[in-house]
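Data file: data_22.pdb. Format and content: PDB, C-alpha atoms.
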ATOM      1  CA  MET A  15      44.743  -2.024  15.506
ATOM      2  CA  ARG A  16      42.938  -4.399  13.116
ATOM      3  CA  GLN A  17      43.454  -3.898   9.430
ATOM      4  CA  PRO A  18      40.214  -2.839   7.698
ATOM      5  CA  VAL A  19      38.600  -5.482   5.519
ATOM      6  CA  THR A  20      39.428  -4.910   1.894
ATOM      7  CA  SER A  21      36.797  -3.756  -0.585
ATOM      8  CA  LEU A  22      33.687  -5.948  -0.502
ATOM      9  CA  PRO A  23      32.937  -5.302  -4.209
ATOM     10  CA  SER A  24      36.468  -6.509  -5.029
ATOM     11  CA  LEU A  25      35.938  -9.612  -2.918
ATOM     12  CA  ASN A  26      32.663 -10.286  -4.729
ATOM     13  CA  CYS A  27      34.430  -9.994  -8.098
ATOM     14  CA  PHE A  28      37.175 -12.312  -6.875
ATOM     15  CA  ARG A  29      34.612 -14.786  -5.563
ATOM     16  CA  ALA A  30      32.939 -15.099  -8.974
ATOM     17  CA  ALA A  31      36.243 -15.258 -10.836
ATOM     18  CA  ALA A  32      37.570 -17.907  -8.450
ATOM     19  CA  ARG A  33      34.476 -20.093  -8.737
ATOM     20  CA  LEU A  34      34.409 -19.888 -12.539
ATOM     21  CA  GLU A  35      38.174 -19.513 -13.040
ATOM     22  CA  SER A  36      37.365 -17.012 -15.738
ATOM     23  CA  PHE A  37      37.308 -13.225 -15.701
ATOM     24  CA  SER A  38      35.022 -13.190 -18.738
ATOM     25  CA  LEU A  39      32.434 -15.541 -17.222
ATOM     26  CA  ALA A  40      32.581 -13.632 -13.909
ATOM     27  CA  ALA A  41      31.992 -10.382 -15.788
ATOM     28  CA  GLY A  42      28.920 -11.846 -17.479
ATOM     29  CA  GLU A  43      27.520 -13.163 -14.203
ATOM     30  CA  LEU A  44      27.961  -9.833 -12.399
ATOM     31  CA  ASN A  45      26.969  -7.713 -15.386
ATOM     32  CA  LEU A  46      30.383  -6.024 -15.448
ATOM     33  CA  THR A  47      33.136  -5.740 -18.024
ATOM     34  CA  HIS A  48      36.124  -8.056 -18.258
ATOM     35  CA  GLY A  49      38.317  -5.055 -17.431
ATOM     36  CA  ALA A  50      36.354  -4.285 -14.269
ATOM     37  CA  ILE A  51      36.864  -7.833 -12.969
ATOM     38  CA  SER A  52      40.543  -7.762 -13.861
ATOM     39  CA  ARG A  53      41.096  -4.418 -12.116
ATOM     40  CA  ALA A  54      39.216  -5.558  -8.999
ATOM     41  CA  VAL A  55      41.337  -8.702  -8.727
ATOM     42  CA  ARG A  56      44.566  -6.786  -9.393
ATOM     43  CA  LEU A  57      43.760  -4.206  -6.688
ATOM     44  CA  LEU A  58      42.940  -7.032  -4.283
ATOM     45  CA  GLU A  59      46.258  -8.708  -5.036
ATOM     46  CA  GLU A  60      48.102  -5.421  -4.472
ATOM     47  CA  ASP A  61      46.220  -4.894  -1.215
ATOM     48  CA  LEU A  62      47.085  -8.394   0.039
ATOM     49  CA  GLY A  63      50.604  -8.491  -1.399
ATOM     50  CA  THR A  64      50.178 -11.872  -3.055
ATOM     51  CA  ALA A  65      49.104 -13.332  -6.385
ATOM     52  CA  LEU A  66      45.670 -14.914  -6.334
ATOM     53  CA  PHE A  67      45.676 -16.160  -9.941
ATOM     54  CA  GLU A  68      48.237 -17.427 -12.399
ATOM     55  CA  ARG A  69      47.686 -15.915 -15.860
ATOM     56  CA  ARG A  70      48.612 -18.382 -18.609
ATOM     57  CA  ASN A  71      47.579 -18.411 -22.251
ATOM     58  CA  ARG A  72      44.657 -15.993 -21.695
ATOM     59  CA  ARG A  73      43.349 -18.189 -18.894
ATOM     60  CA  VAL A  74      43.525 -17.791 -15.120
ATOM     61  CA  PHE A  75      44.168 -20.423 -12.461
ATOM     62  CA  LEU A  76      43.904 -20.007  -8.702
ATOM     63  CA  THR A  77      47.141 -20.026  -6.736
ATOM     64  CA  GLU A  78      47.337 -21.720  -3.337
ATOM     65  CA  ASP A  79      46.699 -18.354  -1.662
ATOM     66  CA  GLY A  80      43.843 -17.791  -4.099
ATOM     67  CA  ARG A  81      42.191 -21.099  -3.194
ATOM     68  CA  SER A  82      42.531 -20.370   0.523
ATOM     69  CA  LEU A  83      41.044 -16.898   0.161
ATOM     70  CA  ALA A  84      38.282 -18.205  -2.125
ATOM     71  CA  ARG A  85      37.121 -20.660   0.551
ATOM     72  CA  ALA A  86      37.063 -17.927   3.204
ATOM     73  CA  VAL A  87      35.331 -15.386   0.943
ATOM     74  CA  ASP A  88      32.740 -17.885  -0.230
ATOM     75  CA  ASP A  89      31.947 -18.844   3.350
ATOM     76  CA  GLY A  90      31.809 -15.242   4.571
ATOM     77  CA  LEU A  91      29.829 -13.732   1.704
ATOM     78  CA  GLY A  92      27.572 -16.772   1.631
ATOM     79  CA  ARG A  93      26.661 -16.254   5.275
ATOM     80  CA  ILE A  94      26.060 -12.557   4.636
ATOM     81  CA  GLU A  95      23.764 -13.370   1.708
ATOM     82  CA  GLN A  96      21.801 -15.881   3.801
ATOM     83  CA  GLU A  97      21.312 -13.353   6.594
ATOM     84  CA  VAL A  98      20.265 -10.625   4.134
ATOM     85  CA  MET A  99      17.726 -13.007   2.599
ATOM     86  CA  ARG A 100      16.434 -13.948   6.070
ATOM     87  CA  LEU A 101      15.962 -10.300   7.018
ATOM     88  CA  GLN A 102      14.280  -9.519   3.699
ATOM     89  CA  GLU A 103      11.882 -12.436   4.083
ATOM     90  CA  ARG A 104      11.127 -11.396   7.664
ATOM     91  CA  ARG A 105      10.343  -7.849   6.568
ATOM     92  CA  LYS A 106       8.253  -9.146   3.682
ATOM     93  CA  ALA A 107       6.300 -11.366   6.079
ATOM     94  CA  LEU A 108       5.558  -8.342   8.289
ATOM     95  CA  SER A 109       4.548  -6.097   5.392
ATOM     96  CA  VAL A 110       0.904  -5.686   4.366
ATOM     97  CA  THR A 111      -0.158  -3.638   1.346
ATOM     98  CA  LEU A 112      -3.777  -2.506   1.624
ATOM     99  CA  SER A 113      -5.751  -1.000  -1.248
ATOM    100  CA  CYS A 114      -8.723   1.229  -0.447
ATOM    101  CA  GLU A 115     -11.107   3.444  -2.389
ATOM    102  CA  PRO A 116      -9.630   6.964  -2.490
ATOM    103  CA  THR A 117     -12.281   8.910  -0.546
ATOM    104  CA  LEU A 118     -12.606   6.246   2.143
ATOM    105  CA  LEU A 119      -8.824   6.059   2.335
ATOM    106  CA  MET A 120      -8.380   9.805   2.690
ATOM    107  CA  ARG A 121     -11.264  10.663   4.989
ATOM    108  CA  TRP A 122     -11.619   7.546   7.179
ATOM    109  CA  LEU A 123      -8.674   5.169   7.020
ATOM    110  CA  ILE A 124      -5.567   7.387   7.011
ATOM    111  CA  PRO A 125      -6.565   9.377  10.136
ATOM    112  CA  ARG A 126      -6.789   6.074  12.028
ATOM    113  CA  VAL A 127      -3.489   4.580  10.863
ATOM    114  CA  PRO A 128      -1.331   6.176  13.615
ATOM    115  CA  ALA A 129      -3.268   4.258  16.269
ATOM    116  CA  PHE A 130      -2.714   1.008  14.355
ATOM    117  CA  LYS A 131       1.022   1.666  14.027
ATOM    118  CA  ALA A 132       1.239   2.485  17.725
ATOM    119  CA  SER A 133      -0.394  -0.869  18.573
ATOM    120  CA  HIS A 134       1.534  -2.854  15.936
ATOM    121  CA  PRO A 135       4.931  -1.163  15.398
ATOM    122  CA  ASP A 136       6.342  -4.340  13.845
ATOM    123  CA  ILE A 137       3.875  -4.360  10.934
ATOM    124  CA  ASP A 138       4.774  -2.339   7.851
ATOM    125  CA  LEU A 139       1.323  -1.243   6.609
ATOM    126  CA  GLN A 140       1.430   0.257   3.121
ATOM    127  CA  LEU A 141      -1.676   2.022   1.772
ATOM    128  CA  ILE A 142      -2.551   2.498  -1.889
ATOM    129  CA  ALA A 143      -5.603   4.117  -3.454
ATOM    130  CA  GLY A 144      -7.764   2.089  -5.799
ATOM    131  CA  GLY A 145     -11.354   1.210  -6.543
ATOM    132  CA  GLY A 146     -13.257  -1.492  -8.394
ATOM    133  CA  PRO A 147     -11.651  -4.744  -9.591
ATOM    134  CA  VAL A 148      -8.273  -5.511  -8.072
ATOM    135  CA  GLU A 149      -5.623  -8.152  -8.735
ATOM    136  CA  LEU A 150      -4.503  -9.435  -5.355
ATOM    137  CA  GLY A 151      -1.131 -11.067  -4.872
ATOM    138  CA  ARG A 152       0.705  -8.780  -7.300
ATOM    139  CA  GLY A 153       1.913  -6.068  -4.993
ATOM    140  CA  THR A 154      -1.451  -5.831  -3.218
ATOM    141  CA  ASP A 155      -2.206  -8.111  -0.267
ATOM    142  CA  LEU A 156      -5.640  -6.868   0.835
ATOM    143  CA  ALA A 157      -8.316  -4.564  -0.566
ATOM    144  CA  ILE A 158     -11.292  -2.734   0.898
ATOM    145  CA  ARG A 159     -14.047  -2.674  -1.698
ATOM    146  CA  ARG A 160     -17.735  -1.848  -2.020
ATOM    147  CA  ASN A 161     -19.849  -4.564  -3.640
ATOM    148  CA  ASP A 162     -20.534  -2.540  -6.775
ATOM    149  CA  PHE A 163     -18.750  -5.024  -9.062
ATOM    150  CA  ASP A 164     -18.487  -8.792  -9.412
ATOM    151  CA  ILE A 165     -15.946  -9.936  -6.839
ATOM    152  CA  PRO A 166     -14.038 -13.021  -8.065
ATOM    153  CA  SER A 167     -15.154 -16.187  -6.281
ATOM    154  CA  ARG A 168     -11.513 -17.154  -5.689
ATOM    155  CA  TYR A 169     -11.123 -14.274  -3.223
ATOM    156  CA  GLN A 170     -11.888 -14.538   0.473
ATOM    157  CA  THR A 171     -14.284 -11.789   1.597
ATOM    158  CA  TYR A 172     -14.644 -10.444   5.126
ATOM    159  CA  HIS A 173     -17.623  -8.170   5.766
ATOM    160  CA  LEU A 174     -16.649  -4.816   7.274
ATOM    161  CA  PHE A 175     -19.764  -2.621   7.340
ATOM    162  CA  ASP A 176     -23.016  -1.789   5.586
ATOM    163  CA  GLU A 177     -23.033   1.495   3.727
ATOM    164  CA  GLU A 178     -24.955   4.341   5.357
ATOM    165  CA  VAL A 179     -25.627   7.549   3.450
ATOM    166  CA  GLY A 180     -27.325  10.864   4.137
ATOM    167  CA  PRO A 181     -27.365  14.544   3.133
ATOM    168  CA  VAL A 182     -24.657  16.690   4.690
ATOM    169  CA  CYS A 183     -23.955  20.394   4.553
ATOM    170  CA  ARG A 184     -21.916  22.989   6.364
ATOM    171  CA  SER A 185     -23.140  23.336   9.933
ATOM    172  CA  ASP A 186     -24.110  27.003   9.641
ATOM    173  CA  ARG A 187     -26.127  26.399   6.449
ATOM    174  CA  VAL A 188     -28.615  23.889   7.852
ATOM    175  CA  ASP A 189     -31.453  26.443   8.057
ATOM    176  CA  THR A 190     -30.668  27.593   4.529
ATOM    177  CA  PHE A 191     -30.995  24.156   2.958
ATOM    178  CA  PHE A 192     -33.434  22.321   5.290
ATOM    179  CA  HIS A 193     -36.855  23.081   6.778
ATOM    180  CA  GLU A 194     -38.954  21.010   9.190
ATOM    181  CA  GLY A 195     -37.011  17.805   8.691
ATOM    182  CA  ALA A 196     -36.861  17.956   4.902
ATOM    183  CA  LEU A 197     -34.703  19.316   2.114
ATOM    184  CA  LYS A 198     -35.911  22.602   0.723
ATOM    185  CA  ALA A 199     -37.015  22.367  -2.897
ATOM    186  CA  ASP A 200     -34.397  24.884  -3.986
ATOM    187  CA  ALA A 201     -31.498  23.379  -1.990
ATOM    188  CA  PRO A 202     -28.464  23.065  -4.298
ATOM    189  CA  LEU A 203     -27.505  19.410  -4.587
ATOM    190  CA  LEU A 204     -23.853  18.430  -5.029
ATOM    191  CA  HIS A 205     -23.298  15.446  -7.327
ATOM    192  CA  THR A 206     -20.300  13.325  -8.246
ATOM    193  CA  ARG A 207     -19.541  11.545 -11.500
ATOM    194  CA  THR A 208     -17.994   8.574  -9.689
ATOM    195  CA  ARG A 209     -21.344   7.859  -7.959
ATOM    196  CA  PRO A 210     -23.939   9.658 -10.087
ATOM    197  CA  ASP A 211     -26.899   7.776  -8.551
ATOM    198  CA  ALA A 212     -26.029   8.624  -4.930
ATOM    199  CA  TRP A 213     -28.911  11.056  -4.509
ATOM    200  CA  ASN A 214     -31.461   8.786  -6.196
ATOM    201  CA  ASP A 215     -30.287   5.877  -4.045
ATOM    202  CA  TRP A 216     -30.840   7.941  -0.897
ATOM    203  CA  PHE A 217     -34.278   9.158  -1.980
ATOM    204  CA  GLY A 218     -35.221   5.543  -2.712
ATOM    205  CA  ALA A 219     -33.769   4.164   0.527
ATOM    206  CA  THR A 220     -35.667   6.724   2.632
ATOM    207  CA  SER A 221     -38.864   6.881   0.519
ATOM    208  CA  ARG A 222     -38.513  10.653   0.386
ATOM    209  CA  GLU A 223     -39.750  12.784  -2.464
ATOM    210  CA  ALA A 224     -36.914  13.781  -4.733
ATOM    211  CA  VAL A 225     -36.048  17.461  -5.103
ATOM    212  CA  ALA A 226     -34.320  18.925  -8.104
ATOM    213  CA  GLY A 227     -32.576  22.016  -6.812
ATOM    214  CA  GLU A 228     -29.806  23.496  -8.901
ATOM    215  CA  GLY A 229     -26.419  22.072  -8.094
ATOM    216  CA  GLN A 230     -22.966  21.161  -9.337
ATOM    217  CA  PHE A 231     -21.196  18.034 -10.534
ATOM    218  CA  PHE A 232     -17.738  17.126  -9.312
ATOM    219  CA  GLU A 233     -15.327  14.561 -10.712
ATOM    220  CA  HIS A 234     -14.710  12.715  -7.450
ATOM    221  CA  PHE A 235     -16.699  12.087  -4.304
ATOM    222  CA  TYR A 236     -14.269  13.874  -1.993
ATOM    223  CA  PHE A 237     -14.612  17.046  -4.085
ATOM    224  CA  SER A 238     -18.362  17.109  -3.460
ATOM    225  CA  LEU A 239     -17.774  16.686   0.273
ATOM    226  CA  GLN A 240     -15.253  19.499   0.289
ATOM    227  CA  ALA A 241     -17.763  21.652  -1.614
ATOM    228  CA  ALA A 242     -20.273  20.935   1.156
ATOM    229  CA  VAL A 243     -17.705  22.036   3.751
ATOM    230  CA  ALA A 244     -17.284  25.229   1.727
ATOM    231  CA  GLY A 245     -21.035  25.855   1.915
ATOM    232  CA  LEU A 246     -21.804  25.393  -1.788
ATOM    233  CA  GLY A 247     -24.729  23.045  -1.175
ATOM    234  CA  VAL A 248     -25.800  19.665   0.136
ATOM    235  CA  ALA A 249     -23.832  16.505  -0.662
ATOM    236  CA  ILE A 250     -24.576  12.873  -0.086
ATOM    237  CA  GLY A 251     -22.225  11.841   2.674
ATOM    238  CA  LEU A 252     -21.159   8.308   3.468
ATOM    239  CA  ARG A 253     -21.224   8.087   7.233
ATOM    240  CA  ARG A 254     -17.682   6.844   7.715
ATOM    241  CA  GLN A 255     -16.328   9.366   5.253
ATOM    242  CA  VAL A 256     -17.878  12.334   7.070
ATOM    243  CA  THR A 257     -17.741  11.181  10.691
ATOM    244  CA  ASP A 258     -14.620  13.220  11.504
ATOM    245  CA  ASP A 259     -16.102  16.382   9.937
ATOM    246  CA  LEU A 260     -19.338  15.813  11.874
ATOM    247  CA  ASN A 261     -17.412  15.409  15.126
ATOM    248  CA  ALA A 262     -15.399  18.541  14.368
ATOM    249  CA  GLY A 263     -18.543  20.553  13.614
ATOM    250  CA  LEU A 264     -17.556  21.254  10.013
ATOM    251  CA  LEU A 265     -20.538  19.350   8.628
ATOM    252  CA  ALA A 266     -24.031  18.519   9.837
ATOM    253  CA  ALA A 267     -26.320  15.638   8.884
ATOM    254  CA  PRO A 268     -29.806  16.995   9.716
ATOM    255  CA  LEU A 269     -31.662  13.927   8.420
ATOM    256  CA  GLY A 270     -29.260  11.290   9.708
ATOM    257  CA  PHE A 271     -28.117   8.290   7.679
ATOM    258  CA  ALA A 272     -29.831   5.323   6.071
ATOM    259  CA  GLU A 273     -28.477   2.045   4.716
ATOM    260  CA  ASP A 274     -28.460   2.065   0.916
ATOM    261  CA  GLY A 275     -28.232  -1.722   0.473
ATOM    262  CA  SER A 276     -24.521  -1.868  -0.343
ATOM    263  CA  HIS A 277     -21.648  -2.897   1.900
ATOM    264  CA  TYR A 278     -17.870  -2.909   2.151
ATOM    265  CA  SER A 279     -15.684  -5.978   2.532
ATOM    266  CA  LEU A 280     -12.026  -6.766   2.955
ATOM    267  CA  LEU A 281     -10.773  -8.933   0.088
ATOM    268  CA  ALA A 282      -7.875 -11.373   0.403
ATOM    269  CA  ALA A 283      -6.342 -13.750  -2.134
ATOM    270  CA  GLU A 284      -6.547 -16.614   0.376
ATOM    271  CA  GLU A 285      -7.908 -17.295   3.829
ATOM    272  CA  ILE A 286      -6.224 -15.083   6.401
ATOM    273  CA  SER A 287      -4.305 -17.220   8.875
ATOM    274  CA  ASP A 288      -4.473 -16.779  12.634
ATOM    275  CA  GLU A 289      -1.946 -14.470  14.310
ATOM    276  CA  SER A 290      -0.677 -13.231  10.949
ATOM    277  CA  PRO A 291      -0.098  -9.529  10.177
ATOM    278  CA  LYS A 292      -3.065  -9.680   7.794
ATOM    279  CA  GLN A 293      -5.308 -10.946  10.587
ATOM    280  CA  LYS A 294      -4.207  -8.053  12.780
ATOM    281  CA  VAL A 295      -5.156  -5.648   9.993
ATOM    282  CA  LEU A 296      -8.524  -7.411   9.646
ATOM    283  CA  HIS A 297      -9.207  -7.173  13.401
ATOM    284  CA  TRP A 298      -8.291  -3.486  13.335
ATOM    285  CA  LEU A 299     -10.633  -2.765  10.430
ATOM    286  CA  THR A 300     -13.565  -4.689  11.903
ATOM    287  CA  GLY A 301     -13.021  -2.807  15.153
ATOM    288  CA  LEU A 302     -13.149   0.515  13.321
ATOM    289  CA  ALA A 303     -16.267  -0.456  11.381
TER
END
Let's see the structure in the file written out as structure tokens.
Amino acid sequence: MRQPVTSLPSLNCFRAAARLESFSLAAGELNLTHGAISRAVRLLEEDLGTALFERRNRRVFLTEDGRSLARAVDDGLGRIEQEVMRLQERRKALSVTLSCEPTLLMRWLIPRVPAFKASHPDIDLQLIAGGGPVELGRGTDLAIRRNDFDIPSRYQTYHLFDEEVGPVCRSDRVDTFFHEGALKADAPLLHTRTRPDAWNDWFGATSREAVAGEGQFFEHFYFSLQAAVAGLGVAIGLRRQVTDDLNAGLLAAPLGFAEDGSHYSLLAAEEISDESPKQKVLHWLTGLA
């Protein structure tokens, strides 16, 4: 039966001490105490049954056995470190961090991620919520953004889809809030502070007469959509954010959708190279759009 390899942490301490021929310098390099290095080396010597260092005048010098072991340990641990670095770089190369506006992320993107992972099991797709200006290349590789801010010219932009908006309400409340292809004057409108002009933009895009029914304000867009599902009134729905609820019959869009003049793009810090994980994410998103 093979003898088990002695403690790897002890070998790492010995490796540093052997290279520097100093327990103090090894301790500083490994962020340990002098005593920790000394104990690790002593335990290794006891385990091997031989002295690895000569201790003279508060200094240490490798013995012949110490030099032989140091060469083997340096070669072995060096190869391990190289392989660990190779695997880390490979995983990093296959990892893509994608930022997306919260409501779009929650109601459109996340439900479609399982299909992407099934088609690309090797790609580690990480999703984070965020809107507006974004600093790419610092933990974020790609970002889906609406053109409601000045996008830096240094970024590459890939058009995904034009925004389409329209009034939505709970399916069984259509007759309550709509009549003959129009909103009723007293229909309660659901507003959101993150896009306070959503209703005015829709009235303008469709040349319809604005109504001013009583309604409620919500902090975020997805709250107003959930309020519509609950039957509290009529919300402005972005087509891709409500498509699953429409298909499930939770919401209805009696007047359809109209383009509001804005669009969404995928932002990248540099041009996306062919056959890269980022290009596969781009192809997936353009296919969804």
Find the residues around segment 59-72 of chain A up to 9 Å (all atoms listed in the file counted), leave out those fewer than 6 positions away in its own chain, and share them as a JSON list (two decimals) with C-alpha atoms, in the frame of the given file.
[["chain", "number", "residue", "atom", "x", "y", "z"],
["A", 20, "THR", "CA", 39.43, -4.91, 1.89],
["A", 28, "PHE", "CA", 37.17, -12.31, -6.88],
["A", 32, "ALA", "CA", 37.57, -17.91, -8.45],
["A", 35, "GLU", "CA", 38.17, -19.51, -13.04],
["A", 78, "GLU", "CA", 47.34, -21.72, -3.34],
["A", 79, "ASP", "CA", 46.70, -18.35, -1.66],
["A", 80, "GLY", "CA", 43.84, -17.79, -4.10],
["A", 81, "ARG", "CA", 42.19, -21.10, -3.19],
["A", 83, "LEU", "CA", 41.04, -16.90, 0.16]]
Could you check how far atom CA of Asn26 of chain A sits from atom CA of His48 of chain A, in Å to one decimal?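 Rounded to one decimal, the two atoms are 14.1 Å apart.
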I need the residue nearest Gly90 of chain A from this list: A:Leu112, A:Leu25, A:Ala40, A:Ile124. Use all atoms listed in the file for the distance.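 Counting all atoms listed in the file, the residue closest to Gly90 of chain A is A:Leu25.
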Could you check which of A:Gly195, A:Gly245, A:Gly42, A:Pro202 is closest to Ala30 of chain A, using only C-alpha atoms?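 Smallest separation from Ala30 of chain A among the options: A:Gly42.
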Using only C-alpha atoms, find the one residue out of A:Val256, A:Cys183, A:Ala84, A:Ala282 that sits nearest to Ala242 of chain A.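 The shortest atom-to-atom distance to Ala242 of chain A comes from A:Cys183.
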Could you tell me how far atom CA of Leu174 of chain A sits from atom CA of Leu296 of chain A, in Å to one decimal place? 8.9 Å
Leu246 of chain A surroundings by all atoms listed in the file, 12 Å radius, close-in-sequence under 3 positions cut, as a PyMOL selection string: chain A and resi 182-188+190-191+201-205+228-232+237-243+249
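Interatomic distance, atom CA of Thr154 of chain A against atom CA of Ser113 of chain A: 6.8 Å.
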Hits from the PyMOL selection byres ((chain A and resi 178) around 7), listed as a PyMOL selection string: chain A and resi 176-177+179+252-253+271-274
If we count only C-alpha atoms and set the cut-off at 7 Å, which residues sit around Gly145 of chain A, ignoring sequence neighbours fewer than 5 positions away in its own chain? Please answer as a count of residues only. 3
